[in-house]
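Everything below belongs to input12.pdb, which stores PDB, C-alpha atoms.
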ATOM      1  CA  MET A 300       0.000   0.000   0.000  1.00  0.00           C
ATOM      2  CA  ASN A 301       1.401   3.348  -1.039  1.00  0.00           C
ATOM      3  CA  ILE A 302       0.844   5.873   1.740  1.00  0.00           C
ATOM      4  CA  PHE A 303       1.177   8.864  -0.620  1.00  0.00           C
ATOM      5  CA  LYS A 304      -1.874   7.775  -2.630  1.00  0.00           C
ATOM      6  CA  SER A 305      -4.131   7.214   0.359  1.00  0.00           C
ATOM      7  CA  PRO A 306      -7.116   9.542   0.922  1.00  0.00           C
ATOM      8  CA  LYS A 307      -5.877  10.481   4.405  1.00  0.00           C
ATOM      9  CA  PHE A 308      -2.580  11.726   3.000  1.00  0.00           C
ATOM     10  CA  SER A 309      -4.404  13.735   0.312  1.00  0.00           C
ATOM     11  CA  ALA A 310      -6.586  15.363   2.951  1.00  0.00           C
ATOM     12  CA  PHE A 311      -3.522  16.132   5.086  1.00  0.00           C
ATOM     13  CA  LYS A 312      -1.683  17.583   2.091  1.00  0.00           C
ATOM     14  CA  ASP A 313      -4.659  19.762   1.129  1.00  0.00           C
ATOM     15  CA  ARG A 314      -5.066  21.033   4.699  1.00  0.00           C
ATOM     16  CA  ALA A 315      -1.338  21.808   4.994  1.00  0.00           C
ATOM     17  CA  LYS A 316      -1.442  23.698   1.694  1.00  0.00           C
ATOM     18  CA  GLU A 317      -4.465  25.672   2.897  1.00  0.00           C
ATOM     19  CA  VAL A 318      -2.814  26.609   6.205  1.00  0.00           C
ATOM     20  CA  LEU A 319       0.459  27.632   4.528  1.00  0.00           C
ATOM     21  CA  THR A 320      -1.398  29.762   1.982  1.00  0.00           C
ATOM     22  CA  LYS A 321      -3.323  31.497   4.767  1.00  0.00           C
ATOM     23  CA  GLN A 322      -0.113  32.191   6.731  1.00  0.00           C
ATOM     24  CA  LYS A 323       1.597  33.472   3.595  1.00  0.00           C
ATOM     25  CA  ARG A 324      -1.282  35.912   2.965  1.00  0.00           C
ATOM     26  CA  GLU A 325      -1.125  37.138   6.575  1.00  0.00           C
ATOM     27  CA  LEU A 326       2.643  37.687   6.405  1.00  0.00           C
ATOM     28  CA  ILE A 327       2.347  39.602   3.120  1.00  0.00           C
ATOM     29  CA  LYS A 328      -0.418  41.708   4.640  1.00  0.00           C
ATOM     30  CA  ASN A 329       1.768  42.479   7.679  1.00  0.00           C
ATOM     31  CA  LYS A 330       5.084  43.038   5.858  1.00  0.00           C
ATOM     32  CA  ASN A 331       5.297  46.690   6.987  1.00  0.00           C
ATOM     33  CA  ILE A 332       4.949  45.569  10.602  1.00  0.00           C
ATOM     34  CA  VAL A 333       7.756  43.043  10.100  1.00  0.00           C
ATOM     35  CA  VAL A 334      10.021  45.763   8.688  1.00  0.00           C
ATOM     36  CA  GLN A 335       9.277  48.049  11.641  1.00  0.00           C
ATOM     37  CA  LEU A 336       9.854  45.246  14.150  1.00  0.00           C
ATOM     38  CA  VAL A 337      13.199  44.377  12.532  1.00  0.00           C
ATOM     39  CA  LYS A 338      14.313  48.015  12.651  1.00  0.00           C
ATOM     40  CA  ARG A 339      13.219  48.275  16.280  1.00  0.00           C
ATOM     41  CA  GLY A 340      14.975  45.020  17.170  1.00  0.00           C
ATOM     42  CA  ILE A 341      18.270  46.089  15.636  1.00  0.00           C
ATOM     43  CA  LYS A 342      18.093  49.511  17.299  1.00  0.00           C
ATOM     44  CA  LEU A 343      17.319  47.957  20.684  1.00  0.00           C
ATOM     45  CA  GLN A 344      20.094  45.418  20.307  1.00  0.00           C
ATOM     46  CA  TYR A 345      22.743  48.121  19.985  1.00  0.00           C
ATOM     47  CA  ARG A 346      21.093  50.814  22.107  1.00  0.00           C
ATOM     48  CA  ASN A 347      23.618  50.785  24.979  1.00  0.00           C
ATOM     49  CA  SER A 348      26.638  49.808  22.910  1.00  0.00           C
ATOM     50  CA  ALA A 349      29.306  52.452  22.360  1.00  0.00           C
ATOM     51  CA  ILE A 350      30.305  51.103  18.936  1.00  0.00           C
ATOM     52  CA  GLY A 351      26.840  50.107  17.730  1.00  0.00           C
ATOM     53  CA  VAL A 352      26.520  47.886  14.685  1.00  0.00           C
ATOM     54  CA  LEU A 353      30.307  47.610  14.464  1.00  0.00           C
ATOM     55  CA  TRP A 354      29.965  45.232  17.406  1.00  0.00           C
ATOM     56  CA  THR A 355      28.287  42.750  15.046  1.00  0.00           C
ATOM     57  CA  ILE A 356      31.530  42.587  13.085  1.00  0.00           C
ATOM     58  CA  LEU A 357      33.871  42.643  16.086  1.00  0.00           C
ATOM     59  CA  ASN A 358      32.033  40.057  18.205  1.00  0.00           C
ATOM     60  CA  PRO A 359      32.714  37.060  15.910  1.00  0.00           C
ATOM     61  CA  LEU A 360      36.313  38.204  15.443  1.00  0.00           C
ATOM     62  CA  LEU A 361      36.903  38.405  19.187  1.00  0.00           C
ATOM     63  CA  ASN A 362      35.241  35.011  19.745  1.00  0.00           C
ATOM     64  CA  MET A 363      37.395  33.547  16.993  1.00  0.00           C
ATOM     65  CA  PHE A 364      40.534  35.022  18.561  1.00  0.00           C
ATOM     66  CA  VAL A 365      39.720  33.571  22.008  1.00  0.00           C
ATOM     67  CA  MET A 366      38.891  30.151  20.555  1.00  0.00           C
ATOM     68  CA  TYR A 367      42.096  30.249  18.508  1.00  0.00           C
ATOM     69  CA  LEU A 368      44.091  31.001  21.640  1.00  0.00           C
ATOM     70  CA  VAL A 369      42.457  28.202  23.585  1.00  0.00           C
ATOM     71  CA  PHE A 370      42.354  25.470  20.943  1.00  0.00           C
ATOM     72  CA  GLY A 371      45.165  26.557  18.649  1.00  0.00           C
ATOM     73  CA  THR A 372      47.770  27.618  21.189  1.00  0.00           C
ATOM     74  CA  ILE A 373      47.041  25.882  24.476  1.00  0.00           C
ATOM     75  CA  PHE A 374      45.754  22.555  23.083  1.00  0.00           C
ATOM     76  CA  LYS A 375      48.029  22.716  19.998  1.00  0.00           C
ATOM     77  CA  TYR A 376      45.233  21.986  17.555  1.00  0.00           C
ATOM     78  CA  ASN A 377      46.507  24.303  14.845  1.00  0.00           C
ATOM     79  CA  ASP A 378      47.110  21.810  12.024  1.00  0.00           C
ATOM     80  CA  ASP A 379      45.906  23.975   9.185  1.00  0.00           C
ATOM     81  CA  SER A 380      46.501  27.576   8.190  1.00  0.00           C
ATOM     82  CA  THR A 381      42.783  27.927   7.466  1.00  0.00           C
ATOM     83  CA  TYR A 382      41.861  27.025  11.048  1.00  0.00           C
ATOM     84  CA  LEU A 383      40.787  30.625  11.680  1.00  0.00           C
ATOM     85  CA  LEU A 384      38.262  30.371   8.859  1.00  0.00           C
ATOM     86  CA  TYR A 385      36.783  27.173  10.227  1.00  0.00           C
ATOM     87  CA  LEU A 386      36.378  28.785  13.630  1.00  0.00           C
ATOM     88  CA  LEU A 387      34.787  31.924  12.241  1.00  0.00           C
ATOM     89  CA  CYS A 388      32.386  30.122   9.874  1.00  0.00           C
ATOM     90  CA  GLY A 389      31.065  27.907  12.635  1.00  0.00           C
ATOM     91  CA  ASN A 390      30.870  30.804  15.056  1.00  0.00           C
ATOM     92  CA  ILE A 391      28.893  33.021  12.678  1.00  0.00           C
ATOM     93  CA  ILE A 392      26.326  30.328  11.900  1.00  0.00           C
ATOM     94  CA  PHE A 393      26.009  29.360  15.548  1.00  0.00           C
ATOM     95  CA  ASN A 394      25.531  33.000  16.574  1.00  0.00           C
ATOM     96  CA  THR A 395      22.833  33.424  13.937  1.00  0.00           C
ATOM     97  CA  MET A 396      20.935  30.394  15.221  1.00  0.00           C
ATOM     98  CA  ARG A 397      21.435  31.445  18.833  1.00  0.00           C
ATOM     99  CA  ALA A 398      20.256  35.004  18.215  1.00  0.00           C
ATOM    100  CA  ALA A 399      17.160  33.917  16.294  1.00  0.00           C
ATOM    101  CA  THR A 400      16.043  31.394  18.889  1.00  0.00           C
ATOM    102  CA  THR A 401      16.854  33.362  22.043  1.00  0.00           C
ATOM    103  CA  GLN A 402      15.165  36.495  20.729  1.00  0.00           C
ATOM    104  CA  SER A 403      12.057  34.565  19.779  1.00  0.00           C
ATOM    105  CA  LEU A 404      11.611  32.855  23.166  1.00  0.00           C
ATOM    106  CA  PRO A 405      10.023  35.846  24.955  1.00  0.00           C
ATOM    107  CA  ILE A 406       8.850  37.728  21.854  1.00  0.00           C
ATOM    108  CA  LEU A 407       5.149  36.924  22.194  1.00  0.00           C
ATOM    109  CA  VAL A 408       5.146  37.854  25.880  1.00  0.00           C
ATOM    110  CA  TYR A 409       6.978  41.131  25.246  1.00  0.00           C
ATOM    111  CA  ASN A 410       4.570  42.083  22.461  1.00  0.00           C
ATOM    112  CA  ARG A 411       1.440  40.973  24.274  1.00  0.00           C
ATOM    113  CA  GLY A 412      -0.042  44.452  23.913  1.00  0.00           C
ATOM    114  CA  LEU A 413       0.278  44.437  20.126  1.00  0.00           C
ATOM    115  CA  LEU A 414      -1.218  40.964  19.909  1.00  0.00           C
ATOM    116  CA  THR A 415      -4.249  41.777  22.041  1.00  0.00           C
ATOM    117  CA  LYS A 416      -5.009  45.324  20.852  1.00  0.00           C
ATOM    118  CA  ASN A 417      -4.359  44.853  17.140  1.00  0.00           C
ATOM    119  CA  LYS A 418      -5.204  42.043  14.807  1.00  0.00           C
ATOM    120  CA  ILE A 419      -1.665  40.870  14.055  1.00  0.00           C
ATOM    121  CA  SER A 420      -0.700  37.309  13.299  1.00  0.00           C
ATOM    122  CA  TYR A 421       1.532  35.754  15.925  1.00  0.00           C
ATOM    123  CA  ASN A 422       3.870  34.555  13.134  1.00  0.00           C
ATOM    124  CA  VAL A 423       5.044  38.117  12.514  1.00  0.00           C
ATOM    125  CA  PHE A 424       7.056  38.340  15.733  1.00  0.00           C
ATOM    126  CA  PRO A 425       9.263  35.232  15.328  1.00  0.00           C
ATOM    127  CA  LEU A 426       9.715  36.217  11.683  1.00  0.00           C
ATOM    128  CA  SER A 427      11.056  39.626  12.700  1.00  0.00           C
ATOM    129  CA  CYS A 428      13.537  37.962  15.080  1.00  0.00           C
ATOM    130  CA  ASN A 429      14.801  35.762  12.266  1.00  0.00           C
ATOM    131  CA  VAL A 430      15.109  38.580   9.751  1.00  0.00           C
ATOM    132  CA  SER A 431      17.146  40.630  12.225  1.00  0.00           C
ATOM    133  CA  ALA A 432      19.363  37.574  12.879  1.00  0.00           C
ATOM    134  CA  ILE A 433      19.966  37.241   9.125  1.00  0.00           C
ATOM    135  CA  VAL A 434      20.821  40.960   8.915  1.00  0.00           C
ATOM    136  CA  ASN A 435      23.367  40.424  11.697  1.00  0.00           C
ATOM    137  CA  PHE A 436      24.672  37.389   9.793  1.00  0.00           C
ATOM    138  CA  LEU A 437      25.288  39.556   6.752  1.00  0.00           C
ATOM    139  CA  PHE A 438      27.229  42.065   8.863  1.00  0.00           C
ATOM    140  CA  SER A 439      29.262  39.215  10.363  1.00  0.00           C
ATOM    141  CA  PHE A 440      29.930  37.954   6.856  1.00  0.00           C
ATOM    142  CA  ILE A 441      32.008  41.103   6.372  1.00  0.00           C
ATOM    143  CA  ALA A 442      34.252  39.882   9.193  1.00  0.00           C
ATOM    144  CA  LEU A 443      34.561  36.521   7.457  1.00  0.00           C
ATOM    145  CA  LEU A 444      35.668  38.195   4.234  1.00  0.00           C
ATOM    146  CA  ALA A 445      38.245  40.230   6.175  1.00  0.00           C
ATOM    147  CA  VAL A 446      39.693  37.083   7.765  1.00  0.00           C
ATOM    148  CA  MET A 447      39.731  35.417   4.355  1.00  0.00           C
ATOM    149  CA  LEU A 448      41.820  38.308   3.056  1.00  0.00           C
ATOM    150  CA  PHE A 449      44.193  37.950   6.013  1.00  0.00           C
ATOM    151  CA  VAL A 450      44.549  34.168   5.637  1.00  0.00           C
ATOM    152  CA  SER A 451      44.921  34.372   1.853  1.00  0.00           C
ATOM    153  CA  ILE A 452      48.335  35.996   2.345  1.00  0.00           C
ATOM    154  CA  LYS A 453      49.733  32.529   3.251  1.00  0.00           C
ATOM    155  CA  THR A 454      47.230  30.192   1.619  1.00  0.00           C
ATOM    156  CA  PRO A 455      44.898  30.930  -1.292  1.00  0.00           C
ATOM    157  CA  VAL A 456      41.417  30.574   0.191  1.00  0.00           C
ATOM    158  CA  PHE A 457      39.229  32.659  -2.087  1.00  0.00           C
ATOM    159  CA  SER A 458      37.137  30.639  -4.455  1.00  0.00           C
ATOM    160  CA  PRO A 459      33.778  31.053  -6.139  1.00  0.00           C
ATOM    161  CA  THR A 460      32.280  28.593  -3.645  1.00  0.00           C
ATOM    162  CA  ILE A 461      32.072  31.379  -1.051  1.00  0.00           C
ATOM    163  CA  PHE A 462      29.006  32.590  -2.935  1.00  0.00           C
ATOM    164  CA  LEU A 463      27.298  29.270  -2.201  1.00  0.00           C
ATOM    165  CA  THR A 464      26.601  30.819   1.188  1.00  0.00           C
ATOM    166  CA  ILE A 465      23.744  32.633  -0.513  1.00  0.00           C
ATOM    167  CA  LEU A 466      22.183  29.228  -1.196  1.00  0.00           C
ATOM    168  CA  MET A 467      22.629  28.225   2.453  1.00  0.00           C
ATOM    169  CA  LEU A 468      20.850  31.300   3.834  1.00  0.00           C
ATOM    170  CA  PRO A 469      17.272  30.236   2.960  1.00  0.00           C
ATOM    171  CA  ALA A 470      17.801  26.841   4.597  1.00  0.00           C
ATOM    172  CA  LEU A 471      19.263  28.470   7.704  1.00  0.00           C
ATOM    173  CA  PHE A 472      16.412  30.985   7.761  1.00  0.00           C
ATOM    174  CA  LEU A 473      13.699  28.345   7.414  1.00  0.00           C
ATOM    175  CA  PHE A 474      15.232  26.135  10.095  1.00  0.00           C
ATOM    176  CA  ASN A 475      15.554  29.068  12.483  1.00  0.00           C
ATOM    177  CA  TYR A 476      12.024  30.243  11.683  1.00  0.00           C
ATOM    178  CA  GLY A 477      10.595  26.805  12.427  1.00  0.00           C
ATOM    179  CA  MET A 478      12.516  26.601  15.703  1.00  0.00           C
ATOM    180  CA  SER A 479      11.414  30.128  16.585  1.00  0.00           C
ATOM    181  CA  LEU A 480       7.763  29.276  15.999  1.00  0.00           C
ATOM    182  CA  ILE A 481       8.088  26.256  18.261  1.00  0.00           C
ATOM    183  CA  LEU A 482      10.035  28.078  20.969  1.00  0.00           C
ATOM    184  CA  SER A 483       7.911  31.221  20.973  1.00  0.00           C
ATOM    185  CA  ALA A 484       4.848  29.153  21.721  1.00  0.00           C
ATOM    186  CA  LEU A 485       6.396  27.723  24.900  1.00  0.00           C
TER     187      LEU A 485
END

Is it possible to give me this structure as structure tokens?
Amino acid sequence: MNIFKSPKFSAFKDRAKEVLTKQKRELIKNKNIVVQLVKRGIKLQYRNSAIGVLWTILNPLLNMFVMYLVFGTIFKYNDDSTYLLYLLCGNIIFNTMRAATTQSLPILVYNRGLLTKNKISYNVFPLSCNVSAIVNFLFSFIALLAVMLFVSIKTPVFSPTIFLTILMLPALFLFNYGMSLILSAL
């Protein structure tokens, strides 16, 4: 028996398509709210910081430097000249996932007033957290390019495959958005 041809699966597929279409319409209707929430989130994130958005570039570099000191110098795990790149790539992706999920945990509670007074879909708030995390990722990507320039003095590391990151971003965004929807409901 093929499960994909069963009537229950067809009904499930039709219902899922209906729900996704409804959510897509609501998000398109509320796109201005998402833009405003992203702007507000980025401003609030760097409100008390002396260097502002520059911190988004410096934070991964400082984390990479500390991890390089610990693992590369103390534990003598510096086998490759591109070790800095491996550290920074993993750190940037981890920070993007961490920022998206930790911001979305209390987002519905913090915006309780907007949810109760206005007719706004609850999906808008986790979406704004994820968009701001992707914006921070793009700023951190500048740091990655700077380290690539530094490392390329010894070893050629630039290749056209760096632009494959653009293909990875939608998958990272969708995973983070799904996790944010789950976590924001807790």

With the file shown as input, list the residues that the PyMOL selection byres ((chain A and resi 355) around 12) selects, as a count of residues only. 33

Quick check on the file I pasted: which residues fall under the PyMOL selection byres ((chain A and resi 425) around 8)? Write them as a PyMOL selection string. chain A and resi 403+406+421-424+426-429+476+479-480+483

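One finds atom CA of Ile481 of chain A at 25.2 Å from atom CA of Lys307 of chain A.
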
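Interatomic distance, atom CA of Pro405 of chain A against atom CA of Gly340 of chain A: 13.0 Å.
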
Selection under test: the PyMOL selection byres ((chain A and resi 324-328) around 10); residues as a PyMOL selection string: chain A and resi 318-323+329-333+419-423+426

Show me, as an mmCIF file with C-alpha atoms, in the frame of the given file, the residues that have an atom within 10 Å of Lys453 of chain A when counting all atoms listed in the file, minus same-chain residues fewer than 3 positions from it.
data_model
loop_
_atom_site.group_PDB
_atom_site.id
_atom_site.type_symbol
_atom_site.label_atom_id
_atom_site.label_comp_id
_atom_site.auth_asym_id
_atom_site.auth_seq_id
_atom_site.Cartn_x
_atom_site.Cartn_y
_atom_site.Cartn_z
ATOM 1 C CA SER A 380 46.501 27.576 8.190
ATOM 2 C CA THR A 381 42.783 27.927 7.466
ATOM 3 C CA LEU A 448 41.820 38.308 3.056
ATOM 4 C CA PHE A 449 44.193 37.950 6.013
ATOM 5 C CA VAL A 450 44.549 34.168 5.637
ATOM 6 C CA VAL A 456 41.417 30.574 0.191
#

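Taking atom CA of Thr401 of chain A as the reference point, atom CA of Gly477 of chain A is found at 13.2 Å.
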
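Nearest to Ala470 of chain A of all the residues A:Met396, A:Ile302, A:Ile373, A:Leu368 is A:Met396, based on all atoms listed in the file.
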
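Counting all atoms listed in the file, the residue from A:Gly412, A:Pro459, A:Pro469, A:Gly371 that sits nearest to Leu383 of chain A is A:Gly371.
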
Quick one: what's the axis-aligned box for segment 355-367 of chain A, all listed atoms, 3 Å on every side, centre and edges in Å to one decimal, as JSON?
{"center_x": 35.2, "center_y": 36.5, "center_z": 17.5, "size_x": 19.8, "size_y": 18.6, "size_z": 14.9}
